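Visitor: Dumping the structure here so I can ask a few things about it.
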Amino acid sequence: MKISVRNVTKTFGNYRALDDVSLEVPDGELVALLGPSGSGKTTLLRIIAGLELPEHGNVFFDDDDAARRKPGERRVGFVFQHYALFRHMSVFENVAFGLRVRPRSTRPAEPEIRRRVHDLLGMVQLDGFAERFPSQLSGGQRQRVALARALAVEPRVLLLDEPFGALDAKVREELRQWLRRLHDEIGVTSLFVTHDQEEALDVADRVVVMDHGKIEQVGSPEEVFHSPANEFVLGFLGQVNRLEVRALRGEPMFAPRPYPDLGATAPQARIFARPHQVGLAKTQPDGPAFPAKVVRVHAAGPIVRVELASEFGEIRAEISHDRLRELELRDGVRVWVGLLEYRVYPHDGAAERLG
Amino acid sequence: MPPDAVVSRDLLALQRAAYASARTEKPWVRRTLIGLALTFVALLVLAPLAIVFLFAFEKGRDVYFAALTDPVAWSAIRLTLFTAAVCVPINTAFGVAAAWAITKFDFRGKSLLITLIDLPFAVSPVIAGLIFVLLFGLQGWLGPWLVEHGVKVIFAPAGIVLATMFVTFPFVARELVPLMQAQGAEEEQAAMMLGASGWKTFWRVTLPNVKWGLLYGVILCNARAMGEFGAVSVVSGHVRGLTNTMTLHVEILYNEYDTAGAFAVASLLTLLALVTLVLKSLIESRHLKPLKAKLAREARGDDA
Amino acid sequence: MARLGSVRNRRARVLPGFGLTLGFTLTYLGLIVLLPFAALVWKTADLSWGEFLAKVTDPRVVASYRLSFGTALVAGLVNVVFGLVVAWVLVRYRFPGRRLIDAIVDLPFALPTAVSGIALTTLYAKTGWFGSVLDRFGIQGAFSPFGITVALAFVGFPFVVRTVQPALEDLEAELEDAAASLGATRLQIFLRVLLPSVLPALLTGFALSFARALGEYGSIVFIAGNQPMKTEITPLLIIVKLEQYDYAGATAIAVSLLAASFVLLFAINLLQAWSQRHHAA
């Protein structure tokens, strides 16, 4: 089932949560809605589910206008951030709920309900937990019950609101992989909301980056990470160094000093480079580079993170342990900083890929 | 062991004792406070309770049962039961509807509505009776119209029922609103997403979650409905065997110096109060306190 | 068609039943609460300002205010002291019978006021258990302001205990630990740390108990004696006026009493808002 969102606008009082948003989610994909809090991602998800109604615009499932259908008729599976499990029902009854509330004519027979619930509990690896109550489960188990409950009604679309938000780091990592495998198995079009860029990049087929009620970029994890459409996407998808410099024909003017006369008239530009794109050298390298002083070396971990101070402000670099030994970095040592790869955003906005 | 170590250990013990004494009262203070509390509760609350039963049986069991089986007493009991049987279900339905509208939706004027629902609690029972007299009485707003159509409200059971409805109006809503507020609307939304209709969502999801709070409200509402005195006293007209509730009957017997009879009927009302208290504290300690603690934990975001 | 639908749906809600439940709520509220109040306003509007003032400043009425406010005040103060002691003992100490006391505190709530009225009168009458003791000291129990105060203390007592109790329960143990570790004595901790923390709740309890006492009728009418100018409380005076078919007089007194109740209610709301802020800080 394909989801099409067309020109949706939603305001809460004076606050514009969604501003003329359009989005296509192809059939069978696992898509992440990624953005900071207040970006409108959860509102968009709830509008697709029918839990909120937009002021303008429409949502289509394939070519079926969802506005004419109530939430329960949309056949959308929705997993709430805090699961919203029915606390007075056992795990079994929670999962069976969607089948039991059907009108008698379409309600499966009791043995069929039992079979389906047990199949689903098997799928989410909670076979032995059917008689427990939500309060007796861990966060990760509750999450999986919520998922099984949503899947019990055989939804055409699965929507998940911050599915891993309330879990601790280790469980979160496991469940993430598990969700990916489950999606590959059942292939239902799925959309999940997250504020964690790592989670989105790791799990999704496609990432929708949102900010201030607008979609900033839609693309595969590689595309949004390596070719961010603008400064916001670049900044949101991981750490980045931001340098204000003069640039000439896309070349930053920070070396060699002093700037050539031309530099004074060159336009101002912002240069962005992620920490792993920053190179360090003991002596001045051939390419553009500038001096900096090591402020702190964090060597605990698989890569070494170095904080430096320069005339362009604070610089963060990531290097290997081998390179750390070669450079003999210590706090206070002076080194040269070169950018192995960087993006220049002139003041008119669009990015130029350089280096 | 070096001498300073001994000194410092003694010092530590001293500090610890001082600390402990600052964390709780000395035993004699405790005992005095407990004694004071028990004495006060005994004199103020338990003594009247004891008096009711002592005086009810003052003249023996026969007099006691005679007072209860008197036809006038019977009609008073019937009227009290009838009044409660009308008021409690209607106020319960109202409480549920009001709580649903208030907690599941946002609309303008919500806080005004909540204030208005609480209004009857702020009003003296006498005034509660008075306003119905002003509305339905002979000199009242609708009085002439009612006379024309031969309907009697004041000095009739209808007036008693209306006044009782007014004074017991907030009980159920007041209990349900905060409870349903704390539970939020997510479970209902989940049920809707799974295809449940509005009624099914209410019966299967909302009601089981609030049933103890609802029962609590119903019990308090019932106790007040059966025990109301001031408001019904104003509207009843004290017509013997017709517009006398149990509380009014108690008043009449007492004023006629039939102390044993008055306390006999009062003992039934007291039993009702005691049963109410037992149920109330059972529901509170078994169900509502754990539930509220859990909701508070969830609101703080702790995982239970 | 779809466009029309989405416009119409602009204010639609996802959960059903809004129109039904709010409609029922407002209709019922209107019929049972607002309509009778409208009758009160209607009756009041019949009076000129001068008539109204004359009725509510009649010496007999003023005497009833003095009695009602005075006894409600004293009863409220007694309840503040003993309510705090009882709440403290119930929250802090474990002793046999604690749960029974905890449950019985609510008896004045649950007991019909007519029953409490006759029971208290019997107790405090000259021949009663307590009345005879008081008589030996030259104090008249029933049929005096003393008796009225006792009855008002009885009905207001649960209000103080039930507002102070949760406040005491919610006090963080760390607060006391911190004070103790800084060298404070138990009495200092109580006066400077605990009492200020429960003060908003205590004041709220007092105001609730006071408000209830102002309007109380059933438990007082028996014990008061009901002598004009001496032991006649304001709610009783309303009934007296009604029995004399002086509807205007009854209405005027009721309006003045209601005004006092609403002022108190407003004060209680402010107190509760204050105590919540206090709690959050």
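Each chain in the structure tokens gets a letter, A, B, ..., in the order shown, and its residues are numbered from 1; ligands are numbered from 1 in order too.
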Would you return as an NGL selection string the members of region 92-277 of chain C that DSSP assigns to helix (DSSP H, G or I) on this structure's backbone?
Guide: :C and (92 or 98-104 or 107-110 or 113-124 or 129-136 or 145-170 or 173-181 or 186-215 or 218-224 or 234-243 or 247-277)
Visitor: Contacts of region 122-136 of chain A at 8 Å or less, counting only C-alpha atoms, minus same-chain residues fewer than 4 places along, as a compact mmCIF listing (two decimals) with N, CA, C and O atoms, in the first residue's frame?
Guide:
# COMPACT_ATOMS: atom_id res chain seq x y z
N LEU A 85 -0.78 0.17 25.89
CA LEU A 85 -1.36 -1.17 26.08
C LEU A 85 -2.54 -1.05 27.04
O LEU A 85 -2.54 -0.21 27.93
N PHE A 86 -3.55 -1.89 26.85
CA PHE A 86 -4.70 -1.86 27.76
C PHE A 86 -4.25 -2.52 29.06
O PHE A 86 -3.99 -3.72 29.11
N ARG A 87 -4.16 -1.69 30.12
CA ARG A 87 -3.47 -2.20 31.31
C ARG A 87 -4.28 -3.25 32.07
O ARG A 87 -3.73 -3.99 32.86
N HIS A 88 -5.59 -3.29 31.82
CA HIS A 88 -6.39 -4.27 32.54
C HIS A 88 -6.56 -5.56 31.77
O HIS A 88 -7.29 -6.45 32.19
N MET A 89 -5.90 -5.69 30.61
CA MET A 89 -6.02 -6.91 29.82
C MET A 89 -4.68 -7.62 29.77
O MET A 89 -3.63 -7.00 29.78
N SER A 90 -4.75 -8.97 29.66
CA SER A 90 -3.53 -9.74 29.52
C SER A 90 -2.93 -9.45 28.14
O SER A 90 -3.56 -8.85 27.28
N VAL A 91 -1.70 -9.92 27.97
CA VAL A 91 -1.02 -9.79 26.68
C VAL A 91 -1.89 -10.39 25.58
O VAL A 91 -2.12 -9.79 24.53
N PHE A 92 -2.43 -11.58 25.87
CA PHE A 92 -3.26 -12.25 24.88
C PHE A 92 -4.45 -11.38 24.49
O PHE A 92 -4.73 -11.15 23.31
N HIS A 118 -1.61 -16.43 18.87
CA HIS A 118 -0.41 -17.20 19.22
C HIS A 118 0.65 -17.12 18.13
O HIS A 118 1.85 -17.05 18.43
N GLN A 141 9.58 -5.70 25.98
CA GLN A 141 8.49 -6.67 25.78
C GLN A 141 7.17 -5.95 25.49
O GLN A 141 6.41 -6.35 24.62
N ARG A 142 6.94 -4.87 26.20
CA ARG A 142 5.72 -4.10 25.96
C ARG A 142 5.70 -3.59 24.53
O ARG A 142 4.66 -3.60 23.87
N ARG A 144 7.00 -4.92 21.98
CA ARG A 144 6.70 -5.99 21.04
C ARG A 144 5.22 -6.41 21.12
O ARG A 144 4.63 -6.77 20.10
N VAL A 145 4.63 -6.33 22.33
CA VAL A 145 3.19 -6.60 22.43
C VAL A 145 2.42 -5.56 21.61
O VAL A 145 1.49 -5.89 20.87
N LEU A 147 3.38 -3.98 19.09
CA LEU A 147 3.57 -4.27 17.67
C LEU A 147 2.68 -5.44 17.23
O LEU A 147 2.01 -5.37 16.19
N ALA A 148 2.66 -6.49 18.05
CA ALA A 148 1.82 -7.64 17.71
C ALA A 148 0.34 -7.23 17.67
O ALA A 148 -0.41 -7.65 16.80
N ALA B 304 7.77 1.09 35.24
CA ALA B 304 7.42 0.29 36.41
C ALA B 304 8.08 -1.07 36.33
O ALA B 304 8.28 -1.59 35.26
Visitor: List the spatial neighbours of region 28-44 of chain C as a list in words - criterion: any atom at most 6 Å away, only C-alpha atoms, same-chain residues fewer than 3 positions off excluded.
Guide: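 My reading of the contact set: Ile131, Phe132, Leu134, Leu135 and Phe166 of chain B; Phe24, Thr25 and Leu47 of chain C.
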Visitor: Write out the residues from the selection above, keeping C-alpha atoms, as a compact mmCIF listing (two decimals), in the first residue's frame.
Guide:
# COMPACT_ATOMS: atom_id res chain seq x y z
CA ILE B 131 -33.63 27.63 45.27
CA PHE B 132 -36.01 24.80 44.41
CA LEU B 134 -38.06 29.68 44.59
CA LEU B 135 -38.30 27.80 41.31
CA PHE B 166 -28.68 18.91 43.26
CA PHE C 24 -26.02 15.74 28.12
CA THR C 25 -23.64 17.38 30.59
CA LEU C 47 -35.71 43.50 45.63
Visitor: Select, from C:Asp106, C:Gly225, C:Tyr124, C:Gly215, the residue with the minimum atom-to-atom distance to Ile238 (chain C), counting only C-alpha atoms.
Guide: C:Gly215
Visitor: To one decimal place, how far is CA of Pro48 (chain B) from CA of Thr149 (chain C) in Å?
Guide: 15.1 Å
Visitor: Which residues, written as a PDB file with N, CA and C atoms, in the first residue's frame, have at least one atom at most 8 Å from Thr103 (chain B), with only C-alpha atoms counted and residues fewer than 4 positions away on the same chain left out?
Guide:
ATOM      1  N   ALA B  99     -17.226  13.486  32.521  1.00  0.00           N
ATOM      2  CA  ALA B  99     -15.806  13.137  32.568  1.00  0.00           C
ATOM      3  C   ALA B  99     -15.296  12.811  31.167  1.00  0.00           C
ATOM      4  N   VAL B 177     -13.191  12.690  36.875  1.00  0.00           N
ATOM      5  CA  VAL B 177     -12.425  13.629  36.037  1.00  0.00           C
ATOM      6  C   VAL B 177     -10.916  13.547  36.284  1.00  0.00           C
ATOM      7  N   MET B 180      -9.562  10.075  35.014  1.00  0.00           N
ATOM      8  CA  MET B 180      -9.484   9.914  33.562  1.00  0.00           C
ATOM      9  C   MET B 180      -8.481  10.884  32.950  1.00  0.00           C
ATOM     10  N   GLN B 181      -8.322  12.039  33.598  1.00  0.00           N
ATOM     11  CA  GLN B 181      -7.315  12.988  33.134  1.00  0.00           C
ATOM     12  C   GLN B 181      -5.923  12.354  33.227  1.00  0.00           C
ATOM     13  N   GLY B 184      -5.231   9.772  30.494  1.00  0.00           N
ATOM     14  CA  GLY B 184      -5.051  10.245  29.131  1.00  0.00           C
ATOM     15  C   GLY B 184      -5.993   9.563  28.160  1.00  0.00           C
ATOM     16  N   ALA B 185      -5.782   9.816  26.875  1.00  0.00           N
ATOM     17  CA  ALA B 185      -6.694   9.290  25.867  1.00  0.00           C
ATOM     18  C   ALA B 185      -6.013   8.272  24.963  1.00  0.00           C
TER      19      ALA B 185
END
Visitor: What residues in chain B have any atom no more than 6 Å from chain A when counting only C-alpha atoms, and can you write them as a list in words?
Guide: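 On the chain B side, the interface is Glu186, Glu187, Met192, Met193, Leu194, Gly195 and Ala196 of chain B.
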Visitor: Could the residues in this selection be saved with all heavy atoms as a tab-separated table (two decimals), in the first residue's frame?
Guide:
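File written: again-v7.tsv
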chain	number	residue	atom	x	y	z
B	186	GLU	N	-4.77	7.89	25.29
B	186	GLU	CA	-4.03	7.04	24.36
B	186	GLU	C	-4.63	5.65	24.21
B	186	GLU	O	-4.68	5.12	23.11
B	186	GLU	CB	-2.57	6.92	24.79
B	186	GLU	CG	-1.69	7.91	24.05
B	186	GLU	CD	-0.26	7.47	23.91
B	186	GLU	OE1	0.15	6.50	24.59
B	186	GLU	OE2	0.46	8.10	23.13
B	187	GLU	N	-5.08	5.06	25.31
B	187	GLU	CA	-5.64	3.72	25.19
B	187	GLU	C	-6.90	3.74	24.33
B	187	GLU	O	-7.14	2.83	23.54
B	187	GLU	CB	-5.95	3.13	26.57
B	187	GLU	CG	-4.69	2.68	27.28
B	187	GLU	CD	-4.99	1.96	28.58
B	187	GLU	OE1	-5.88	1.10	28.58
B	187	GLU	OE2	-4.32	2.25	29.58
B	192	MET	N	-9.51	2.70	19.03
B	192	MET	CA	-10.12	3.20	17.80
B	192	MET	C	-9.31	2.74	16.59
B	192	MET	O	-9.87	2.34	15.56
B	192	MET	CB	-10.14	4.74	17.80
B	192	MET	CG	-10.96	5.38	18.88
B	192	MET	SD	-12.70	5.01	18.76
B	192	MET	CE	-13.09	5.81	17.22
B	193	MET	N	-7.98	2.81	16.70
B	193	MET	CA	-7.12	2.39	15.58
B	193	MET	C	-7.31	0.92	15.27
B	193	MET	O	-7.10	0.48	14.16
B	193	MET	CB	-5.63	2.61	15.93
B	193	MET	CG	-5.18	4.03	16.07
B	193	MET	SD	-5.45	5.07	14.65
B	193	MET	CE	-4.72	4.14	13.35
B	194	LEU	N	-7.68	0.15	16.30
B	194	LEU	CA	-7.87	-1.28	16.09
B	194	LEU	C	-9.29	-1.57	15.63
B	194	LEU	O	-9.69	-2.73	15.54
B	194	LEU	CB	-7.55	-2.05	17.37
B	194	LEU	CG	-6.08	-1.99	17.76
B	194	LEU	CD1	-5.88	-2.47	19.18
B	194	LEU	CD2	-5.23	-2.82	16.80
B	195	GLY	N	-10.06	-0.53	15.37
B	195	GLY	CA	-11.37	-0.74	14.76
B	195	GLY	C	-12.53	-0.79	15.73
B	195	GLY	O	-13.64	-1.10	15.32
B	196	ALA	N	-12.30	-0.49	17.03
B	196	ALA	CA	-13.40	-0.54	17.97
B	196	ALA	C	-14.30	0.68	17.79
B	196	ALA	O	-13.82	1.78	17.53
B	196	ALA	CB	-12.87	-0.59	19.41
Visitor: In Å, how far is it from CA of Ala72 (chain C) to CA of Thr32 (chain B)?
Guide: 27.6 Å
Visitor: Would you kindly return, as a PyMOL selection string, each protein, DNA or RNA residue with an atom no farther than 8 Å from any atom of region 3-14 of chain A, considering only C-alpha atoms and excluding same-chain residues fewer than 3 positions away?
Guide: chain A and resi 17-27+48+53-62
Visitor: Do you know which residues are at most 8 Å from Leu202 (chain C) counting only C-alpha atoms, after dropping those on the same chain fewer than 2 positions away, and could you put them as a list of chain:residue names?
Guide: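 Counting only C-alpha atoms, the residues come to C:Val80, C:Leu84, C:Val160, C:Thr163, C:Val164, C:Val198, C:Leu199, C:Pro200, C:Thr204, C:Gly205, C:Phe206.
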Visitor: One decimal, Å: what's the distance from CA of His276 (chain A) over to CA of Ala317 (chain A), could you say?
Guide: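 CA of Ala317 (chain A) lies at a distance of 6.0 Å from CA of His276 (chain A).
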